[in-house]
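Have a look at input_30.tsv below; it lists TSV, C-alpha atoms and all ligand atoms.
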```tsv
chain	number	residue	atom	x	y	z
A	1	MET	CA	-23.67	-41.79	-53.75
A	2	ALA	CA	-23.97	-44.59	-51.23
A	3	LYS	CA	-21.89	-43.06	-48.49
A	4	ASN	CA	-23.30	-40.92	-45.78
A	5	ILE	CA	-20.51	-38.34	-45.73
A	6	ASP	CA	-20.73	-34.63	-45.05
A	7	TRP	CA	-18.80	-33.81	-48.23
A	8	LYS	CA	-18.90	-30.03	-47.81
A	9	ASN	CA	-17.25	-30.13	-44.39
A	10	LEU	CA	-14.58	-32.74	-44.99
A	11	PRO	CA	-11.24	-31.88	-43.41
A	12	PHE	CA	-7.93	-32.86	-44.97
A	13	GLY	CA	-7.68	-36.10	-43.08
A	14	TYR	CA	-7.87	-39.87	-43.28
A	15	LEU	CA	-11.26	-41.40	-43.85
A	16	LYS	CA	-11.42	-45.15	-44.26
A	17	THR	CA	-12.27	-46.36	-47.75
A	18	ASP	CA	-12.93	-49.92	-48.88
A	19	TYR	CA	-9.83	-51.04	-50.76
A	20	ASN	CA	-6.18	-50.30	-51.39
A	21	VAL	CA	-3.85	-51.67	-54.02
A	22	ARG	CA	-0.41	-53.18	-53.37
A	23	CYS	CA	2.54	-54.51	-55.28
A	24	TYR	CA	5.83	-55.96	-54.04
A	25	ASN	CA	9.27	-55.74	-55.55
A	26	ARG	CA	11.36	-58.75	-54.60
A	27	ASN	CA	14.93	-59.19	-55.78
A	28	GLY	CA	14.52	-56.46	-58.36
A	29	GLN	CA	11.24	-57.70	-59.88
A	30	TRP	CA	7.80	-56.17	-59.52
A	31	GLY	CA	5.06	-58.72	-58.86
A	32	GLU	CA	1.33	-58.60	-59.55
A	33	LEU	CA	-1.02	-55.91	-58.22
A	34	GLU	CA	-2.98	-57.13	-55.21
A	35	ILE	CA	-6.23	-55.68	-53.92
A	36	SER	CA	-6.61	-55.48	-50.17
A	37	SER	CA	-9.40	-54.40	-47.86
A	38	SER	CA	-7.09	-54.21	-44.85
A	39	GLU	CA	-5.87	-50.84	-43.63
A	40	TYR	CA	-2.79	-52.48	-42.18
A	41	ILE	CA	0.46	-53.72	-43.60
A	42	ASP	CA	2.42	-56.56	-42.17
A	43	ILE	CA	5.97	-55.31	-42.11
A	44	HIS	CA	9.25	-56.82	-40.91
A	45	MET	CA	10.47	-55.25	-37.68
A	46	ALA	CA	13.86	-54.60	-39.30
A	47	ALA	CA	12.37	-53.03	-42.46
A	48	THR	CA	14.61	-50.24	-43.76
A	49	ALA	CA	11.60	-47.89	-43.93
A	50	LEU	CA	11.26	-48.09	-40.16
A	51	HIS	CA	14.93	-47.73	-39.24
A	52	TYR	CA	16.68	-45.85	-42.00
A	53	GLY	CA	13.88	-43.83	-43.58
A	54	GLN	CA	13.67	-45.66	-46.90
A	55	GLU	CA	10.19	-44.33	-47.60
A	56	ALA	CA	8.72	-42.04	-50.25
A	57	PHE	CA	5.17	-41.01	-50.98
A	58	GLU	CA	3.11	-39.03	-53.46
A	59	GLY	CA	-0.09	-37.04	-53.35
A	60	LEU	CA	-2.45	-36.47	-56.26
A	61	LYS	CA	-6.15	-35.94	-56.73
A	62	ALA	CA	-9.15	-37.09	-58.72
A	63	PHE	CA	-12.23	-34.92	-59.23
A	64	MET	CA	-15.84	-35.58	-60.11
A	65	GLY	CA	-16.98	-33.31	-62.92
A	66	LYS	CA	-20.37	-31.77	-63.62
A	67	ASP	CA	-20.51	-34.19	-66.56
A	68	GLY	CA	-20.24	-37.17	-64.16
A	69	LYS	CA	-16.74	-38.00	-65.40
A	70	VAL	CA	-13.86	-38.59	-63.01
A	71	ARG	CA	-10.61	-36.84	-63.84
A	72	ILE	CA	-7.22	-37.69	-62.40
A	73	PHE	CA	-4.73	-34.83	-62.44
A	74	ARG	CA	-1.21	-35.18	-63.88
A	75	TRP	CA	-0.48	-38.68	-62.57
A	76	GLU	CA	2.55	-39.01	-64.87
A	77	GLU	CA	4.30	-36.15	-63.06
A	78	ASN	CA	3.70	-37.80	-59.69
A	79	ALA	CA	4.97	-41.12	-61.04
A	80	LYS	CA	8.13	-39.47	-62.38
A	81	ARG	CA	8.69	-37.72	-59.08
A	82	MET	CA	8.29	-40.99	-57.19
A	83	ILE	CA	10.91	-42.55	-59.46
A	84	ASN	CA	13.23	-39.65	-58.60
A	85	SER	CA	12.51	-40.10	-54.91
A	86	ALA	CA	13.33	-43.81	-55.22
A	87	LYS	CA	16.63	-43.00	-56.94
A	88	GLY	CA	17.46	-40.43	-54.23
A	89	ILE	CA	17.27	-42.96	-51.40
A	90	MET	CA	18.22	-46.08	-53.38
A	91	MET	CA	14.86	-47.82	-53.49
A	92	ALA	CA	13.42	-49.96	-56.28
A	93	GLU	CA	11.95	-47.61	-58.88
A	94	ILE	CA	8.24	-47.97	-59.49
A	95	ALA	CA	7.28	-48.65	-63.10
A	96	MET	CA	5.07	-45.98	-64.71
A	97	ASP	CA	2.46	-48.53	-65.78
A	98	ILE	CA	2.19	-50.06	-62.29
A	99	PHE	CA	1.85	-46.59	-60.77
A	100	LYS	CA	-0.95	-45.76	-63.22
A	101	LYS	CA	-2.77	-49.06	-62.87
A	102	ALA	CA	-2.66	-48.94	-59.07
A	103	CYS	CA	-3.98	-45.35	-58.91
A	104	PHE	CA	-6.76	-45.98	-61.41
A	105	LYS	CA	-7.73	-49.25	-59.73
A	106	ALA	CA	-7.81	-47.64	-56.27
A	107	ILE	CA	-10.11	-44.89	-57.60
A	108	GLU	CA	-12.39	-47.34	-59.37
A	109	LEU	CA	-12.67	-49.66	-56.37
A	110	ASN	CA	-13.54	-46.76	-54.07
A	111	LYS	CA	-15.78	-44.82	-56.45
A	112	GLU	CA	-18.41	-44.29	-53.78
A	113	TYR	CA	-15.92	-42.11	-51.93
A	114	ILE	CA	-15.34	-39.66	-54.77
A	115	PRO	CA	-16.78	-36.39	-53.49
A	116	PRO	CA	-19.58	-34.98	-55.65
A	117	TYR	CA	-19.07	-32.10	-58.07
A	118	GLY	CA	-19.46	-28.76	-56.34
A	119	SER	CA	-18.72	-30.03	-52.82
A	120	GLY	CA	-15.26	-28.43	-52.76
A	121	ALA	CA	-13.80	-31.82	-51.84
A	122	SER	CA	-11.83	-34.29	-53.94
A	123	LEU	CA	-10.43	-37.79	-53.79
A	124	TYR	CA	-6.85	-37.68	-52.53
A	125	ILE	CA	-4.64	-40.47	-53.83
A	126	ARG	CA	-1.67	-41.46	-51.69
A	127	PRO	CA	0.86	-43.76	-53.35
A	128	MET	CA	3.69	-44.87	-51.07
A	129	LEU	CA	6.88	-46.82	-51.60
A	130	VAL	CA	8.63	-48.36	-48.60
A	131	GLY	CA	11.69	-50.47	-47.98
A	132	SER	CA	9.93	-53.47	-46.46
A	133	GLY	CA	12.83	-55.89	-46.42
A	134	PRO	CA	15.06	-56.20	-43.32
A	135	GLN	CA	18.56	-54.77	-42.91
A	136	VAL	CA	20.45	-54.04	-39.73
A	137	GLY	CA	23.49	-52.50	-41.38
A	138	VAL	CA	22.76	-49.27	-43.23
A	139	ARG	CA	22.00	-50.65	-46.68
A	140	PRO	CA	19.09	-50.50	-49.13
A	141	ALA	CA	16.40	-53.13	-48.66
A	142	THR	CA	16.02	-55.99	-51.10
A	143	GLU	CA	12.20	-55.93	-50.84
A	144	TYR	CA	9.88	-52.95	-51.45
A	145	LEU	CA	6.18	-52.43	-51.04
A	146	PHE	CA	4.30	-50.02	-53.30
A	147	LEU	CA	0.82	-49.25	-52.01
A	148	VAL	CA	-1.90	-46.83	-53.11
A	149	PHE	CA	-4.77	-45.80	-50.87
A	150	VAL	CA	-7.34	-43.09	-51.43
A	151	THR	CA	-9.33	-40.91	-49.07
A	152	PRO	CA	-11.81	-38.11	-49.68
A	153	VAL	CA	-10.48	-34.74	-48.51
A	154	GLY	CA	-11.45	-31.12	-48.06
A	155	PRO	CA	-9.03	-28.17	-47.95
A	156	TYR	CA	-5.59	-28.65	-46.35
A	157	PHE	CA	-5.75	-25.40	-44.42
A	158	LYS	CA	-9.07	-25.14	-42.63
A	159	GLU	CA	-9.50	-21.63	-44.02
A	160	GLY	CA	-9.89	-23.08	-47.54
A	161	PHE	CA	-9.42	-20.41	-50.18
A	162	LYS	CA	-8.98	-17.65	-47.59
A	163	PRO	CA	-5.74	-15.91	-46.67
A	164	VAL	CA	-3.65	-17.54	-43.95
A	165	THR	CA	-0.80	-16.19	-41.84
A	166	MET	CA	2.60	-17.85	-42.16
A	167	LEU	CA	5.57	-17.74	-39.79
A	168	LEU	CA	8.98	-17.14	-41.33
A	169	THR	CA	11.16	-19.56	-39.40
A	170	ARG	CA	14.81	-18.79	-38.75
A	171	GLU	CA	15.23	-21.55	-36.16
A	172	PHE	CA	14.70	-24.66	-38.26
A	173	ASP	CA	15.62	-26.08	-41.65
A	174	ARG	CA	13.68	-28.89	-43.30
A	175	ALA	CA	16.34	-29.88	-45.80
A	176	ALA	CA	19.90	-29.09	-46.92
A	177	PRO	CA	20.78	-27.96	-50.45
A	178	LEU	CA	22.48	-31.26	-51.34
A	179	GLY	CA	20.19	-33.34	-49.14
A	180	THR	CA	16.73	-34.77	-49.81
A	181	GLY	CA	14.60	-31.61	-49.95
A	182	ASN	CA	13.94	-32.03	-53.68
A	183	ILE	CA	12.44	-35.52	-53.33
A	184	LYS	CA	9.32	-36.56	-51.48
A	185	VAL	CA	10.66	-38.71	-48.68
A	186	GLY	CA	9.10	-39.07	-45.25
A	187	GLY	CA	12.16	-37.79	-43.36
A	188	ASN	CA	11.66	-34.28	-44.74
A	189	TYR	CA	8.25	-34.15	-43.11
A	190	ALA	CA	9.51	-35.38	-39.75
A	191	ALA	CA	12.14	-32.62	-40.02
A	192	SER	CA	9.45	-30.00	-40.60
A	193	LEU	CA	7.29	-30.83	-37.58
A	194	ARG	CA	9.00	-28.61	-35.02
A	195	ALA	CA	8.80	-25.60	-37.31
A	196	GLN	CA	5.11	-26.30	-37.91
A	197	GLU	CA	4.50	-26.59	-34.18
A	198	LYS	CA	6.25	-23.26	-33.60
A	199	ALA	CA	4.10	-21.70	-36.33
A	200	HIS	CA	0.96	-22.96	-34.62
A	201	GLU	CA	2.17	-21.50	-31.30
A	202	HIS	CA	2.35	-18.15	-33.07
A	203	GLY	CA	-1.18	-18.56	-34.39
A	204	CYS	CA	0.11	-19.20	-37.92
A	205	ALA	CA	-1.04	-21.87	-40.36
A	206	ASN	CA	2.48	-23.07	-41.12
A	207	ALA	CA	6.14	-22.14	-41.43
A	208	ILE	CA	8.04	-20.65	-44.32
A	209	PHE	CA	11.58	-22.04	-44.49
A	210	LEU	CA	14.60	-20.06	-45.60
A	211	ASP	CA	17.41	-21.58	-47.65
A	212	ALA	CA	19.51	-23.61	-45.23
A	213	LYS	CA	22.89	-22.41	-46.46
A	214	GLU	CA	22.68	-18.63	-46.46
A	215	LYS	CA	19.39	-18.01	-44.67
A	216	LYS	CA	18.71	-15.24	-47.18
A	217	TYR	CA	16.15	-16.63	-49.58
A	218	ILE	CA	12.62	-18.01	-49.34
A	219	ASP	CA	12.60	-21.79	-49.78
A	220	GLU	CA	9.15	-23.23	-49.29
A	221	CYS	CA	6.11	-23.10	-47.19
A	222	GLY	CA	5.23	-26.14	-45.04
A	223	PRO	CA	4.05	-28.85	-47.45
A	224	ALA	CA	3.68	-26.40	-50.33
A	225	ASN	CA	5.74	-24.19	-52.65
A	226	PHE	CA	5.79	-20.41	-52.28
A	227	PHE	CA	4.79	-17.97	-54.99
A	228	ALA	CA	4.33	-14.23	-55.15
A	229	ILE	CA	2.88	-11.72	-57.57
A	230	LYS	CA	4.06	-8.25	-58.47
A	231	ASN	CA	3.97	-6.11	-61.61
A	232	ASN	CA	1.93	-8.74	-63.44
A	233	THR	CA	4.70	-11.29	-62.77
A	234	TYR	CA	4.42	-14.73	-61.18
A	235	ILE	CA	7.55	-15.32	-59.10
A	236	THR	CA	8.54	-18.56	-57.40
A	237	PRO	CA	11.79	-19.68	-55.74
A	238	GLU	CA	14.60	-21.50	-57.50
A	239	SER	CA	16.16	-23.80	-54.92
A	240	LYS	CA	17.84	-27.20	-54.70
A	241	SER	CA	16.19	-28.00	-51.40
A	242	ILE	CA	12.51	-27.58	-52.28
A	243	LEU	CA	10.12	-30.12	-53.72
A	244	PRO	CA	9.39	-29.45	-57.41
A	245	SER	CA	5.66	-28.86	-57.01
A	246	ILE	CA	3.40	-30.02	-59.82
A	247	THR	CA	0.80	-27.43	-58.81
A	248	ASN	CA	3.47	-24.74	-59.04
A	249	MET	CA	4.39	-25.95	-62.55
A	250	CYS	CA	0.70	-25.61	-63.48
A	251	LEU	CA	0.38	-22.11	-62.04
A	252	PHE	CA	3.57	-21.09	-63.83
A	253	ASP	CA	2.06	-22.26	-67.16
A	254	LEU	CA	-1.35	-20.78	-66.37
A	255	ALA	CA	0.20	-17.41	-65.49
A	256	LYS	CA	2.10	-17.48	-68.80
A	257	SER	CA	-1.05	-18.34	-70.70
A	258	GLU	CA	-2.75	-15.37	-69.03
A	259	GLY	CA	-0.09	-13.10	-70.48
A	260	MET	CA	1.83	-12.67	-67.22
A	261	LYS	CA	5.58	-12.73	-66.92
A	262	VAL	CA	7.00	-15.67	-64.98
A	263	GLU	CA	10.21	-15.91	-62.98
A	264	ARG	CA	11.83	-18.82	-61.17
A	265	ARG	CA	14.67	-17.32	-59.17
A	266	ASN	CA	16.03	-16.59	-55.71
A	267	ILE	CA	13.63	-14.55	-53.61
A	268	PRO	CA	15.52	-12.59	-50.93
A	269	VAL	CA	13.65	-11.97	-47.68
A	270	GLU	CA	13.86	-8.19	-48.25
A	271	GLU	CA	11.78	-8.58	-51.38
A	272	LEU	CA	8.78	-9.76	-49.32
A	273	SER	CA	7.82	-6.13	-48.69
A	274	THR	CA	7.42	-5.51	-52.42
A	275	PHE	CA	4.89	-8.20	-53.32
A	276	GLU	CA	1.25	-7.49	-54.13
A	277	GLU	CA	0.10	-11.06	-53.45
A	278	ALA	CA	1.64	-14.20	-52.02
A	279	GLY	CA	0.51	-17.79	-51.73
A	280	ALA	CA	1.35	-21.39	-50.94
A	281	CYS	CA	0.57	-23.99	-53.59
A	282	GLY	CA	0.41	-27.76	-53.66
A	283	THR	CA	-1.92	-30.66	-54.32
A	284	ALA	CA	-3.28	-30.57	-50.78
A	285	ALA	CA	-3.05	-26.79	-50.35
A	286	VAL	CA	-4.25	-26.04	-53.94
A	287	ILE	CA	-3.65	-22.29	-53.56
A	288	SER	CA	-3.62	-21.03	-50.02
A	289	PRO	CA	-3.40	-17.28	-50.30
A	290	ILE	CA	-1.01	-15.79	-47.76
A	291	GLY	CA	-2.52	-12.80	-46.01
A	292	LYS	CA	0.45	-12.12	-43.77
A	293	ILE	CA	3.99	-13.31	-43.16
A	294	VAL	CA	5.29	-12.87	-39.63
A	295	ASP	CA	9.06	-12.69	-39.15
A	296	SER	CA	8.89	-12.74	-35.37
A	297	MET	CA	12.66	-12.82	-34.82
A	298	MET	CA	13.16	-9.67	-36.86
A	299	GLY	CA	9.97	-8.05	-35.55
A	300	GLN	CA	8.60	-7.67	-39.10
A	301	THR	CA	5.20	-8.43	-40.56
A	302	TYR	CA	4.43	-8.38	-44.28
A	303	VAL	CA	0.78	-7.91	-45.19
A	304	TYR	CA	-0.76	-9.04	-48.49
A	305	SER	CA	-4.44	-8.99	-47.63
A	306	LYS	CA	-5.95	-6.17	-45.62
A	307	ASP	CA	-9.61	-7.11	-46.14
A	308	GLY	CA	-9.35	-10.86	-45.50
A	309	ASN	CA	-9.84	-11.68	-49.19
A	310	PRO	CA	-7.45	-13.31	-51.66
A	311	GLY	CA	-5.88	-11.08	-54.29
A	312	PRO	CA	-7.29	-10.91	-57.85
A	313	ILE	CA	-4.47	-12.81	-59.56
A	314	SER	CA	-4.39	-15.63	-57.00
A	315	THR	CA	-8.16	-15.87	-57.40
A	316	LYS	CA	-7.94	-16.06	-61.18
A	317	LEU	CA	-5.22	-18.74	-61.06
A	318	TYR	CA	-7.17	-20.73	-58.47
A	319	GLU	CA	-10.36	-20.65	-60.53
A	320	LYS	CA	-8.52	-21.67	-63.70
A	321	LEU	CA	-6.73	-24.55	-62.00
A	322	LEU	CA	-9.85	-25.87	-60.31
A	323	GLY	CA	-11.85	-25.37	-63.50
A	324	ILE	CA	-9.44	-27.58	-65.43
A	325	GLN	CA	-9.32	-30.17	-62.66
A	326	THR	CA	-13.10	-30.55	-62.54
A	327	GLY	CA	-13.60	-30.29	-66.28
A	328	ASP	CA	-15.47	-26.96	-66.14
A	329	ILE	CA	-12.75	-25.35	-68.28
A	330	PRO	CA	-11.39	-27.19	-71.35
A	331	ASP	CA	-8.04	-28.77	-70.54
A	332	THR	CA	-5.88	-27.39	-73.34
A	333	PHE	CA	-2.73	-28.46	-71.45
A	334	GLY	CA	-3.49	-32.19	-71.36
A	335	TRP	CA	-3.25	-32.33	-67.57
A	336	THR	CA	-6.29	-34.47	-66.90
A	337	GLU	CA	-7.19	-38.02	-67.80
A	338	ILE	CA	-10.61	-39.62	-67.48
A	339	VAL	CA	-10.82	-42.58	-65.13
A	340	GLU	CA	-13.44	-45.10	-66.24
A	341	ILE	CA	-15.40	-46.12	-63.17
B	401	LIG	N1	6.42	-28.89	-51.15
B	401	LIG	C1	6.28	-29.89	-50.29
B	401	LIG	C2	7.27	-30.04	-49.20
B	401	LIG	C3	5.20	-30.78	-50.42
B	401	LIG	O1	5.04	-31.78	-49.56
B	401	LIG	C4	4.29	-30.61	-51.47
B	401	LIG	C5	3.19	-31.54	-51.65
B	401	LIG	O2	3.25	-32.45	-52.42
B	401	LIG	C6	4.48	-29.55	-52.34
B	401	LIG	C7	5.55	-28.70	-52.15
B	401	LIG	C8	3.55	-29.33	-53.47
B	401	LIG	O3	3.76	-30.24	-54.50
B	401	LIG	P1	2.61	-30.69	-55.46
B	401	LIG	O4	2.06	-29.45	-56.06
B	401	LIG	O5	3.26	-31.55	-56.47
B	401	LIG	O6	1.61	-31.40	-54.64
B	402	LIG	C1	0.34	-32.90	-51.09
B	402	LIG	O1	0.08	-31.73	-51.31
B	402	LIG	O2	-0.09	-33.82	-51.79
B	402	LIG	C2	1.19	-33.30	-50.01
B	402	LIG	O3	1.80	-34.31	-50.11
B	402	LIG	C3	1.16	-32.55	-48.79
B	402	LIG	C4	1.02	-33.49	-47.65
B	402	LIG	C5	2.31	-33.62	-46.94
B	402	LIG	C6	-0.11	-33.18	-46.78
```
Full structure transcribed into structure tokens:
Amino acid sequence: MAKNIDWKNLPFGYLKTDYNVRCYNRNGQWGELEISSSEYIDIHMAATALHYGQEAFEGLKAFMGKDGKVRIFRWEENAKRMINSAKGIMMAEIAMDIFKKACFKAIELNKEYIPPYGSGASLYIRPMLVGSGPQVGVRPATEYLFLVFVTPVGPYFKEGFKPVTMLLTREFDRAAPLGTGNIKVGGNYAASLRAQEKAHEHGCANAIFLDAKEKKYIDECGPANFFAIKNNTYITPESKSILPSITNMCLFDLAKSEGMKVERRNIPVEELSTFEEAGACGTAAVISPIGKIVDSMMGQTYVYSKDGNPGPISTKLYEKLLGIQTGDIPDTFGWTEIVEI
């Protein structure tokens, strides 16, 4: 471990690493992977990413195991989702093998930045796809840049695996049902910033969005999906405007394998008062247990943790997920792949 990094206290932030990996698509053809040690990209001032939001990204993680092996988690799902994002905003689709090679290469080249086993940190992998070619009329670019950088990260919410308070926002939507909410494009995140800021003003970690059409159902939770537990059932929203979370898919399967019932369906706001546990889940958030949801406009607060601790089912799911990711628990699902470093 050559790097002098305080692994245990890493925030979820950008820390410079040594290399990133790039590949260009020009006139419909992907070129060769290039390794760069620059943190900057030289981009045309009329690039469609800058003007018309032709930009998508992914987020996945690699973990150092007790056995000294590095495991990358479900990269195929992230690659497929990036292909969907590209289709959604008419960008060149990344090839699965280029996505894989670039992620594995970026990990290998920056192996000294993989946080040690037991530190609670992991290596976050950030693939991005941007329209780099110029257009002034609103049209797709003819050149695209695919780039993968990595950075070691700690927990997304500073509380880590401790309950957070969320603000139910009725003032803002992040995405429309037939819009881009179900793909991972940068514009969705710009659209979520005001709600997040409002949540912070209320002392909350982030905002929970309602469905944009009827304002009746829970959509998602900042950069994470929402889930709740009651009567031994794992419940998560069905919605056209939320990102299909890979972590949520895992928890759904883990809950099933634990003998729980699972439901993907509309969750009306009134049902919030009936849940035993609630949480936000995502690659960055892992599981962030929700201790409280504040609906300030309606003068309502829903409480899921009275003692400041996560609930027993969220805890079990969290431990299982992390156990598989680090290799402590056998991966019977085939979610992890060893990266040779
Ligand atoms: N929802 C949004 C808006 C996100 O940005 C993310 C993060 O990727 C998620 C949900 C969780 O998805 P995943 O579990 O695939 O990281
Ligand atoms: C992730 O969980 O990987 C995300 O992409 C969330 C990010 C917006 C911080």
*Compile the contact shell of Asp307 of chain A as a ChimeraX atom specification: residues with an atom at most 10 Å away, counting only C-alpha atoms, same-chain residues fewer than 4 positions apart removed.*
/A:163,291,311
*asked:* Give me, as an NGL selection string, the set of residues whose atoms come within 10 Å of any atom of ligand LIG 401 (chain B), counting all atoms listed in the file.
replied: :A and (57-61 or 74 or 77-78 or 81 or 174-175 or 181-186 or 188-189 or 192 or 219-226 or 241-251 or 280-287)
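Closest approach to Ser257 of chain A among A:Ser132, A:Thr332, A:Asn231, A:Asn84 is made by A:Thr332 (distances from all atoms listed in the file).
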*Mind giving me the straight-line distance from atom CA of Ile35 of chain A to atom CA of Met82 of chain A in Å, one decimal?*
20.9 Å
*So how many Å separate atom CA of Asp97 of chain A and atom CA of Leu322 of chain A, to one decimal?*
26.4 Å
*Nearest residue to Thr336 of chain A from the set A:Leu193, A:Leu33, A:Ile89, A:Val70 (distances using only C-alpha atoms)*: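 Once distances to Thr336 of chain A are computed over only C-alpha atoms, the minimum belongs to A:Val70.
Of note, atom CA of Tyr40 of chain A and atom CA of Tyr124 of chain A are spaced 18.5 Å apart.
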Rebuild segment 160-174 of chain A to N, CA, C and O atoms - output it as an mmCIF file, in the coordinates of the input, please.
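The new file selection.cif reads:
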```cif
data_model
loop_
_atom_site.group_PDB
_atom_site.id
_atom_site.type_symbol
_atom_site.label_atom_id
_atom_site.label_comp_id
_atom_site.auth_asym_id
_atom_site.auth_seq_id
_atom_site.Cartn_x
_atom_site.Cartn_y
_atom_site.Cartn_z
ATOM 1 N N GLY A 160 -9.534 -22.897 -46.133
ATOM 2 C CA GLY A 160 -9.890 -23.080 -47.540
ATOM 3 C C GLY A 160 -9.243 -22.004 -48.383
ATOM 4 O O GLY A 160 -8.086 -21.645 -48.162
ATOM 5 N N PHE A 161 -9.998 -21.460 -49.338
ATOM 6 C CA PHE A 161 -9.420 -20.410 -50.180
ATOM 7 C C PHE A 161 -9.593 -19.045 -49.512
ATOM 8 O O PHE A 161 -10.311 -18.167 -49.988
ATOM 9 N N LYS A 162 -8.955 -18.903 -48.361
ATOM 10 C CA LYS A 162 -8.980 -17.650 -47.590
ATOM 11 C C LYS A 162 -7.550 -17.415 -47.114
ATOM 12 O O LYS A 162 -6.846 -18.365 -46.795
ATOM 13 N N PRO A 163 -7.140 -16.174 -47.059
ATOM 14 C CA PRO A 163 -5.740 -15.910 -46.670
ATOM 15 C C PRO A 163 -5.383 -16.458 -45.293
ATOM 16 O O PRO A 163 -6.168 -16.373 -44.354
ATOM 17 N N VAL A 164 -4.179 -17.026 -45.220
ATOM 18 C CA VAL A 164 -3.650 -17.540 -43.950
ATOM 19 C C VAL A 164 -2.407 -16.734 -43.570
ATOM 20 O O VAL A 164 -1.819 -16.041 -44.406
ATOM 21 N N THR A 165 -2.032 -16.842 -42.304
ATOM 22 C CA THR A 165 -0.800 -16.190 -41.840
ATOM 23 C C THR A 165 0.289 -17.246 -41.738
ATOM 24 O O THR A 165 0.043 -18.356 -41.264
ATOM 25 N N MET A 166 1.473 -16.916 -42.204
ATOM 26 C CA MET A 166 2.600 -17.850 -42.160
ATOM 27 C C MET A 166 3.716 -17.270 -41.288
ATOM 28 O O MET A 166 3.938 -16.055 -41.282
ATOM 29 N N LEU A 167 4.426 -18.163 -40.611
ATOM 30 C CA LEU A 167 5.570 -17.740 -39.790
ATOM 31 C C LEU A 167 6.862 -17.988 -40.567
ATOM 32 O O LEU A 167 7.110 -19.109 -41.015
ATOM 33 N N LEU A 168 7.658 -16.954 -40.712
ATOM 34 C CA LEU A 168 8.980 -17.140 -41.330
ATOM 35 C C LEU A 168 9.892 -17.719 -40.259
ATOM 36 O O LEU A 168 10.135 -17.067 -39.245
ATOM 37 N N THR A 169 10.356 -18.951 -40.459
ATOM 38 C CA THR A 169 11.160 -19.560 -39.400
ATOM 39 C C THR A 169 12.649 -19.355 -39.678
ATOM 40 O O THR A 169 13.109 -19.549 -40.794
ATOM 41 N N ARG A 170 13.355 -18.930 -38.661
ATOM 42 C CA ARG A 170 14.810 -18.790 -38.750
ATOM 43 C C ARG A 170 15.503 -19.799 -37.834
ATOM 44 O O ARG A 170 16.704 -19.857 -37.753
ATOM 45 N N GLU A 171 14.674 -20.607 -37.141
ATOM 46 C CA GLU A 171 15.230 -21.550 -36.160
ATOM 47 C C GLU A 171 15.437 -22.940 -36.714
ATOM 48 O O GLU A 171 16.199 -23.728 -36.157
ATOM 49 N N PHE A 172 14.678 -23.277 -37.770
ATOM 50 C CA PHE A 172 14.700 -24.660 -38.260
ATOM 51 C C PHE A 172 14.898 -24.709 -39.780
ATOM 52 O O PHE A 172 14.445 -23.817 -40.483
ATOM 53 N N ASP A 173 15.568 -25.771 -40.221
ATOM 54 C CA ASP A 173 15.620 -26.080 -41.650
ATOM 55 C C ASP A 173 14.918 -27.408 -41.858
ATOM 56 O O ASP A 173 14.989 -28.284 -40.996
ATOM 57 N N ARG A 174 14.265 -27.558 -43.014
ATOM 58 C CA ARG A 174 13.680 -28.890 -43.300
ATOM 59 C C ARG A 174 14.609 -29.745 -44.129
ATOM 60 O O ARG A 174 14.560 -30.965 -44.077
#
```
